[in-house]
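Novice: protein_16.txt is reproduced below (compact mmCIF, C-alpha atoms).
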# COMPACT_ATOMS: atom_id res chain seq x y z
CA MET A 1 63.89 -15.06 86.79
CA THR A 2 62.39 -14.24 90.17
CA SER A 3 63.05 -10.53 90.53
CA THR A 4 60.13 -8.25 91.26
CA MET A 5 59.57 -4.57 90.71
CA GLU A 6 60.43 -2.18 93.55
CA SER A 7 56.80 -1.11 93.64
CA GLU A 8 55.76 -4.72 94.18
CA VAL A 9 57.80 -5.10 97.35
CA LYS A 10 55.59 -6.86 99.78
CA VAL A 11 54.36 -4.75 102.67
CA PRO A 12 53.59 -7.31 105.37
CA ALA A 13 49.97 -7.69 106.37
CA PHE A 14 50.93 -7.29 110.01
CA ALA A 15 51.71 -3.63 109.36
CA GLN A 16 47.95 -3.00 109.24
CA ASP A 17 46.37 -1.99 112.55
CA THR A 18 43.70 -4.25 113.96
CA ASP A 19 40.48 -3.24 115.69
CA ARG A 20 40.34 -6.57 117.52
CA ARG A 21 39.52 -6.31 121.23
CA LEU A 22 40.02 -8.95 123.90
CA CYS A 23 38.67 -9.25 127.44
CA ILE A 24 40.20 -11.83 129.74
CA ILE A 25 38.36 -12.79 132.91
CA CYS A 26 40.78 -14.04 135.58
CA SER A 27 38.81 -15.87 138.27
CA LYS A 28 41.45 -18.11 139.85
CA GLY A 29 44.01 -17.31 142.51
CA THR A 30 46.51 -20.13 142.12
CA LEU A 31 49.91 -19.61 140.55
CA ASP A 32 49.27 -22.11 137.76
CA MET A 33 45.97 -20.48 136.82
CA ALA A 34 47.39 -16.94 136.95
CA TYR A 35 49.82 -17.45 134.10
CA PRO A 36 47.49 -18.45 131.25
CA GLY A 37 45.67 -15.11 131.41
CA LEU A 38 48.88 -13.13 131.71
CA VAL A 39 50.57 -14.94 128.83
CA LEU A 40 47.55 -14.60 126.53
CA ALA A 41 47.16 -10.93 127.41
CA ASN A 42 50.80 -10.33 126.58
CA ALA A 43 50.56 -12.20 123.28
CA ALA A 44 47.47 -10.18 122.33
CA LEU A 45 49.18 -6.88 123.14
CA LEU A 46 52.10 -7.86 120.92
CA GLU A 47 49.58 -8.30 118.10
CA GLY A 48 48.24 -4.80 118.58
CA ILE A 49 45.01 -6.07 120.15
CA GLU A 50 43.29 -3.94 122.81
CA VAL A 51 43.30 -5.89 126.08
CA ASN A 52 41.18 -5.56 129.21
CA LEU A 53 41.67 -7.96 132.12
CA PHE A 54 38.85 -8.37 134.64
CA PHE A 55 39.83 -9.91 137.98
CA THR A 56 37.01 -11.56 139.85
CA PHE A 57 36.62 -13.88 142.85
CA TRP A 58 39.92 -15.62 143.63
CA GLY A 59 41.48 -13.95 140.62
CA LEU A 60 41.50 -10.80 142.72
CA ASP A 61 44.54 -12.23 144.54
CA MET A 62 46.51 -11.65 141.33
CA ILE A 63 46.12 -7.89 141.78
CA THR A 64 45.99 -7.65 145.56
CA GLU A 65 49.26 -6.04 146.60
CA ARG A 66 49.97 -8.26 149.60
CA ARG A 67 49.02 -11.50 147.82
CA MET A 68 50.09 -11.13 144.19
CA ASP A 69 53.66 -12.23 144.82
CA HIS A 70 52.60 -15.16 147.03
CA LEU A 71 50.25 -17.14 144.79
CA LYS A 72 50.64 -20.88 145.26
CA ALA A 73 50.42 -24.02 143.17
CA THR A 74 49.06 -27.08 144.95
CA PRO A 75 48.93 -30.77 144.01
CA VAL A 76 45.70 -31.11 146.06
CA GLY A 77 42.94 -32.15 143.70
CA ASN A 78 45.21 -31.71 140.71
CA THR A 79 45.65 -35.06 138.97
CA ALA A 80 47.79 -33.41 136.30
CA MET A 81 50.61 -33.17 138.83
CA HIS A 82 50.83 -36.96 138.47
CA MET A 83 51.39 -38.01 142.04
CA PRO A 84 49.25 -40.11 144.38
CA GLN A 85 46.39 -37.94 145.64
CA ALA A 86 47.15 -38.88 149.28
CA ILE A 87 50.53 -37.13 149.09
CA GLY A 88 49.08 -33.76 148.07
CA PRO A 89 47.74 -32.70 151.50
CA ILE A 90 50.96 -33.54 153.38
CA PRO A 91 52.26 -30.35 155.06
CA GLY A 92 54.91 -28.65 152.96
CA MET A 93 53.77 -30.13 149.63
CA THR A 94 52.09 -26.94 148.44
CA THR A 95 55.18 -24.90 149.34
CA MET A 96 57.36 -27.36 147.47
CA ALA A 97 55.11 -27.44 144.40
CA THR A 98 54.99 -23.64 144.38
CA LYS A 99 58.76 -23.33 144.63
CA MET A 100 59.24 -25.81 141.81
CA MET A 101 56.75 -24.11 139.54
CA LYS A 102 58.26 -20.66 140.18
CA LYS A 103 61.68 -22.05 139.32
CA GLU A 104 60.44 -23.57 136.06
CA ILE A 105 58.62 -20.39 135.08
CA ALA A 106 61.74 -18.31 135.71
CA LYS A 107 63.83 -20.81 133.74
CA LEU A 108 61.60 -20.23 130.73
CA GLY A 109 62.29 -16.51 130.97
CA PHE A 110 58.84 -15.49 132.24
CA PRO A 111 58.57 -12.83 134.95
CA ASP A 112 56.87 -13.30 138.32
CA VAL A 113 53.27 -12.10 138.64
CA PRO A 114 53.93 -8.50 139.81
CA GLU A 115 56.53 -7.91 137.11
CA PHE A 116 54.28 -9.54 134.51
CA LEU A 117 51.51 -7.10 135.45
CA ASP A 118 53.97 -4.20 135.12
CA THR A 119 54.82 -5.44 131.63
CA LEU A 120 51.16 -5.71 130.61
CA VAL A 121 50.35 -2.22 131.88
CA ASP A 122 53.47 -0.89 130.13
CA ALA A 123 52.23 -2.51 126.93
CA GLY A 124 48.85 -0.80 127.25
CA ALA A 125 46.59 -3.35 128.98
CA SER A 126 43.87 -2.14 131.35
CA LEU A 127 43.29 -4.05 134.59
CA TRP A 128 39.90 -4.01 136.31
CA ALA A 129 38.88 -5.31 139.73
CA CYS A 130 35.42 -6.78 140.29
CA GLN A 131 33.30 -4.72 142.68
CA MET A 132 31.43 -7.69 144.14
CA SER A 133 34.68 -9.55 144.85
CA ILE A 134 36.22 -6.46 146.44
CA ASP A 135 33.20 -6.20 148.76
CA MET A 136 33.21 -9.90 149.52
CA MET A 137 36.94 -10.00 150.36
CA LYS A 138 36.54 -6.74 152.34
CA LEU A 139 39.25 -5.02 150.33
CA GLU A 140 39.73 -1.34 149.51
CA ALA A 141 41.13 0.30 146.39
CA GLU A 142 44.37 0.94 148.34
CA ASP A 143 44.87 -2.81 148.74
CA LEU A 144 45.19 -3.23 144.99
CA TYR A 145 48.21 -3.19 142.71
CA GLU A 146 48.89 0.37 141.57
CA GLY A 147 48.45 -0.46 137.88
CA VAL A 148 44.77 -1.31 138.31
CA SER A 149 42.62 1.10 136.29
CA GLY A 150 39.54 0.83 138.46
CA ILE A 151 36.88 -1.21 140.23
CA ILE A 152 33.86 -2.06 138.11
CA GLY A 153 30.68 -4.09 138.33
CA ALA A 154 29.54 -6.90 136.07
CA SER A 155 27.31 -4.61 134.00
CA GLU A 156 30.18 -2.22 133.33
CA PHE A 157 32.22 -5.21 132.25
CA MET A 158 29.42 -6.15 129.85
CA GLU A 159 29.51 -2.67 128.33
CA MET A 160 33.28 -2.76 128.10
CA SER A 161 33.33 -6.16 126.44
CA GLU A 162 30.76 -5.34 123.79
CA ASP A 163 32.18 -6.52 120.45
CA ALA A 164 35.22 -7.98 122.20
CA GLN A 165 36.34 -11.57 122.33
CA ILE A 166 36.14 -12.96 125.85
CA ILE A 167 38.37 -15.56 127.48
CA PHE A 168 37.32 -16.93 130.86
CA ILE A 169 39.99 -18.44 133.06
CA MET B 1 61.23 -18.70 97.52
CA THR B 2 60.02 -15.17 96.84
CA THR B 3 62.44 -12.38 96.29
CA ALA B 4 61.89 -8.64 96.48
CA LEU B 5 63.87 -5.70 95.20
CA LEU B 6 64.87 -3.55 98.15
CA GLY B 7 67.18 -0.59 97.70
CA GLY B 8 68.20 -1.92 94.31
CA ARG B 9 69.13 -5.33 95.72
CA GLU B 10 67.32 -8.59 95.46
CA VAL B 11 66.55 -10.14 98.86
CA HIS B 12 64.76 -13.31 99.86
CA ILE B 13 61.53 -12.93 101.83
CA ASP B 14 58.90 -15.30 103.21
CA ASP B 15 55.13 -15.21 102.61
CA GLU B 16 54.70 -12.52 105.24
CA GLY B 17 57.48 -10.33 103.93
CA PHE B 18 60.15 -11.15 106.53
CA MET B 19 63.67 -11.52 105.18
CA THR B 20 64.85 -15.10 105.23
CA GLU B 21 68.58 -14.66 104.61
CA PRO B 22 70.14 -12.72 107.49
CA THR B 23 73.32 -12.30 105.49
CA GLU B 24 71.49 -10.23 102.86
CA TRP B 25 70.73 -7.57 105.47
CA SER B 26 72.39 -4.16 105.69
CA GLU B 27 71.69 -1.03 107.72
CA GLU B 28 70.39 0.69 104.59
CA LEU B 29 67.85 -2.09 104.15
CA SER B 30 66.56 -1.47 107.66
CA GLU B 31 65.82 2.14 106.74
CA ILE B 32 63.80 0.94 103.75
CA LEU B 33 62.00 -1.80 105.70
CA ALA B 34 61.12 0.66 108.47
CA LYS B 35 59.46 3.00 105.95
CA GLN B 36 57.46 0.04 104.60
CA ILE B 37 55.75 -0.32 107.97
CA GLY B 38 55.28 3.36 108.68
CA ILE B 39 58.41 4.18 110.69
CA ASP B 40 59.84 7.10 108.75
CA THR B 41 63.04 7.70 110.69
CA LEU B 42 65.18 5.25 112.61
CA THR B 43 66.59 7.07 115.63
CA GLU B 44 69.56 6.01 117.74
CA ALA B 45 67.06 4.45 120.17
CA HIS B 46 65.73 2.27 117.34
CA TRP B 47 69.26 1.31 116.38
CA THR B 48 70.17 0.28 119.91
CA VAL B 49 67.34 -2.23 119.76
CA LEU B 50 68.01 -3.33 116.17
CA ARG B 51 71.72 -3.91 116.78
CA PHE B 52 70.93 -6.01 119.82
CA LEU B 53 68.46 -8.08 117.77
CA ARG B 54 71.08 -8.71 115.09
CA GLN B 55 73.78 -9.57 117.60
CA ASP B 56 71.51 -11.81 119.69
CA PHE B 57 70.24 -13.64 116.62
CA GLU B 58 73.81 -14.35 115.62
CA THR B 59 74.69 -15.93 118.96
CA GLU B 60 71.35 -17.55 119.89
CA GLY B 61 70.07 -18.51 116.45
CA GLU B 62 66.61 -17.09 117.04
CA THR B 63 64.95 -13.70 117.18
CA PRO B 64 64.85 -12.49 120.81
CA THR B 65 61.52 -11.91 122.51
CA LEU B 66 60.50 -8.52 123.82
CA ARG B 67 61.22 -9.58 127.38
CA ARG B 68 64.68 -10.76 126.47
CA ILE B 69 65.42 -7.46 124.72
CA SER B 70 64.03 -5.50 127.63
CA THR B 71 65.99 -7.36 130.30
CA GLN B 72 69.23 -7.58 128.30
CA ILE B 73 69.56 -3.96 127.19
CA GLY B 74 67.46 -2.25 129.83
CA VAL B 75 64.86 -0.71 127.53
CA SER B 76 61.38 -0.84 129.08
CA THR B 77 58.39 -2.52 127.44
CA LYS B 78 56.77 0.91 127.24
CA GLU B 79 59.72 2.33 125.31
CA LEU B 80 59.74 -0.65 122.94
CA PHE B 81 56.04 -0.14 122.24
CA GLY B 82 56.81 3.55 121.67
CA LEU B 83 59.61 2.83 119.19
CA PHE B 84 57.76 0.09 117.28
CA PRO B 85 54.07 0.83 117.92
CA LYS B 86 51.26 -1.73 118.14
CA LYS B 87 53.21 -4.86 117.19
CA PRO B 88 56.72 -4.27 118.46
CA GLY B 89 57.95 -7.88 118.33
CA LYS B 90 57.12 -8.37 114.67
CA LYS B 91 58.00 -4.84 113.60
CA MET B 92 61.48 -4.82 115.09
CA ALA B 93 62.25 -8.27 113.68
CA TYR B 94 61.02 -7.16 110.26
CA VAL B 95 63.16 -4.02 110.28
CA ALA B 96 66.17 -5.97 111.56
CA GLY B 97 65.80 -8.38 108.65
CA LEU B 98 65.15 -11.36 110.93
CA PRO B 99 62.40 -13.99 111.21
CA LYS B 100 59.42 -13.04 113.36
CA PRO B 101 59.87 -13.99 117.04
CA LYS B 102 58.38 -17.29 118.14
CA GLY B 103 58.51 -16.92 121.92
CA CYS B 104 55.38 -16.37 124.03
CA ILE B 105 56.81 -13.44 125.94
For this file, produce the structure as structure tokens.

Specialist:
Amino acid sequence: MTSTMESEVKVPAFAQDTDRRLCIICSKGTLDMAYPGLVLANAALLEGIEVNLFFTFWGLDMITERRMDHLKATPVGNTAMHMPQAIGPIPGMTTMATKMMKKEIAKLGFPDVPEFLDTLVDAGASLWACQMSIDMMKLEAEDLYEGVSGIIGASEFMEMSEDAQIIFI
Amino acid sequence: MTTALLGGREVHIDDEGFMTEPTEWSEELSEILAKQIGIDTLTEAHWTVLRFLRQDFETEGETPTLRRISTQIGVSTKELFGLFPKKPGKKMAYVAGLPKPKGCI
């Protein structure tokens, strides 16, 4: 006899809201290093976790309007691409590696970077650009993806990430 | 295997409360499951999503991810988060009587 009382019907634990907060620092501007942050942010949002993404140094390319859809993957210095290191710098290799990676990513059903950002913003993530990086790259707020919430300094990031878990990429 | 009494019927559920036998599902059960997780009324917009989940599970053998739902039936991520707040992927699968989605997107 396995029946249970109606009142004992199990309400899943996931139905409880969480107060977990996550800050992801995106500091790289290559295609392969853009995705980990985006995928983790998306997974966190699906778990009801509050997500802030902070784009600094080369990571700023991920939210710079004219660059975000042109991030590249390169075999140069990347032994995990499993090819002789001398081949990496040959002209055209980076373009080829980028094309291949984009194709594989699309095959898995993942969106490109701009559409991924749209999805994250739609799901409630906040995107922040690093002030120092903006100054260094000589960018203006108008150069950034429209979904960016603002430009902040490192100390504001520290305030924002108080009590949050931080992932640095 | 745990069972629970839902709407007067015994259904099989896993440790987290998700139904494990898709054939035991009915639309009435969805109404009950929705209330369990704080969604008091299932609107037509909810049903559009739930019916797609059921149909897609039948053909693909797995619970569709949010992105798949969004691209296949043209409902935005924002709308999905509005219909099934906070944890849309798990909530819609739960209400549809399906396993929780495994995909990363």

Novice: Which of these, A:Trp128, A:Phe54, A:Phe110, A:Phe168, has the shortest distance to chain B once you count only C-alpha atoms?

Specialist: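 That would be A:Phe110, the residue with the smallest distance to chain B.
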
Novice: Set out as JSON lines a contact list for chain B and chain A with a cut-off of 6 Å, giving each residue of chain B that qualifies its closest atom pair and distance in Å to one decimal, counting only C-alpha atoms, ordered by chain and rising residue number.

Specialist:
{"residue": "B:Ala4", "atom": "CA", "partner": "A:Val9", "partner_atom": "CA", "distance": 5.5}
{"residue": "B:Leu5", "atom": "CA", "partner": "A:Glu6", "partner_atom": "CA", "distance": 5.2}
{"residue": "B:Glu16", "atom": "CA", "partner": "A:Pro12", "partner_atom": "CA", "distance": 5.3}
{"residue": "B:Gly17", "atom": "CA", "partner": "A:Pro12", "partner_atom": "CA", "distance": 5.1}
{"residue": "B:Ile37", "atom": "CA", "partner": "A:Ala15", "partner_atom": "CA", "distance": 5.4}
{"residue": "B:Thr77", "atom": "CA", "partner": "A:Asp122", "partner_atom": "CA", "distance": 5.8}
{"residue": "B:Lys78", "atom": "CA", "partner": "A:Asp122", "partner_atom": "CA", "distance": 4.7}
{"residue": "B:Lys86", "atom": "CA", "partner": "A:Gly48", "partner_atom": "CA", "distance": 4.3}
{"residue": "B:Lys87", "atom": "CA", "partner": "A:Leu46", "partner_atom": "CA", "distance": 4.9}

Novice: Using all atoms listed in the file and a cutoff of 8 Å, can you tell me which residues are near (33.5, -7.0, 120.9) in the file's coordinates, and write them out as a PDB file with C-alpha atoms, in the frame of the given file?

Specialist:
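Result saved to result.pdb:
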ATOM      1  CA  ARG A  20      40.340  -6.570 117.520  1.00  0.00           C
ATOM      2  CA  ARG A  21      39.520  -6.310 121.230  1.00  0.00           C
ATOM      3  CA  LEU A  22      40.020  -8.950 123.900  1.00  0.00           C
ATOM      4  CA  SER A 161      33.330  -6.160 126.440  1.00  0.00           C
ATOM      5  CA  GLU A 162      30.760  -5.340 123.790  1.00  0.00           C
ATOM      6  CA  ASP A 163      32.180  -6.520 120.450  1.00  0.00           C
ATOM      7  CA  ALA A 164      35.220  -7.980 122.200  1.00  0.00           C
ATOM      8  CA  GLN A 165      36.340 -11.570 122.330  1.00  0.00           C
TER       9      GLN A 165
END

Novice: Just need the box for segment 98-104 of chain B, edges along x, y and z, holding every atom the file lists for it with 4 Å tacked onto each side, so centre and edge lengths in Å to one decimal, as AutoDock Vina command-line options.

Specialist:
--center_x 60.3 --center_y -14.3 --center_z 117.5 --size_x 17.8 --size_y 13.9 --size_z 21.1

Novice: Rounded to one decimal in Å, what is the spacing between atom CA of Leu53 of chain B and atom CA of Ala106 of chain A?

Specialist: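 Taking atom CA of Leu53 of chain B as the start and atom CA of Ala106 of chain A as the end point, the length is 21.7 Å.
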
Novice: Provide the atom CA of Ile32 of chain B to atom CA of Thr71 of chain B distance in Å, to one decimal place.

Specialist: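 Atom CA of Thr71 of chain B lies at a distance of 27.9 Å from atom CA of Ile32 of chain B.
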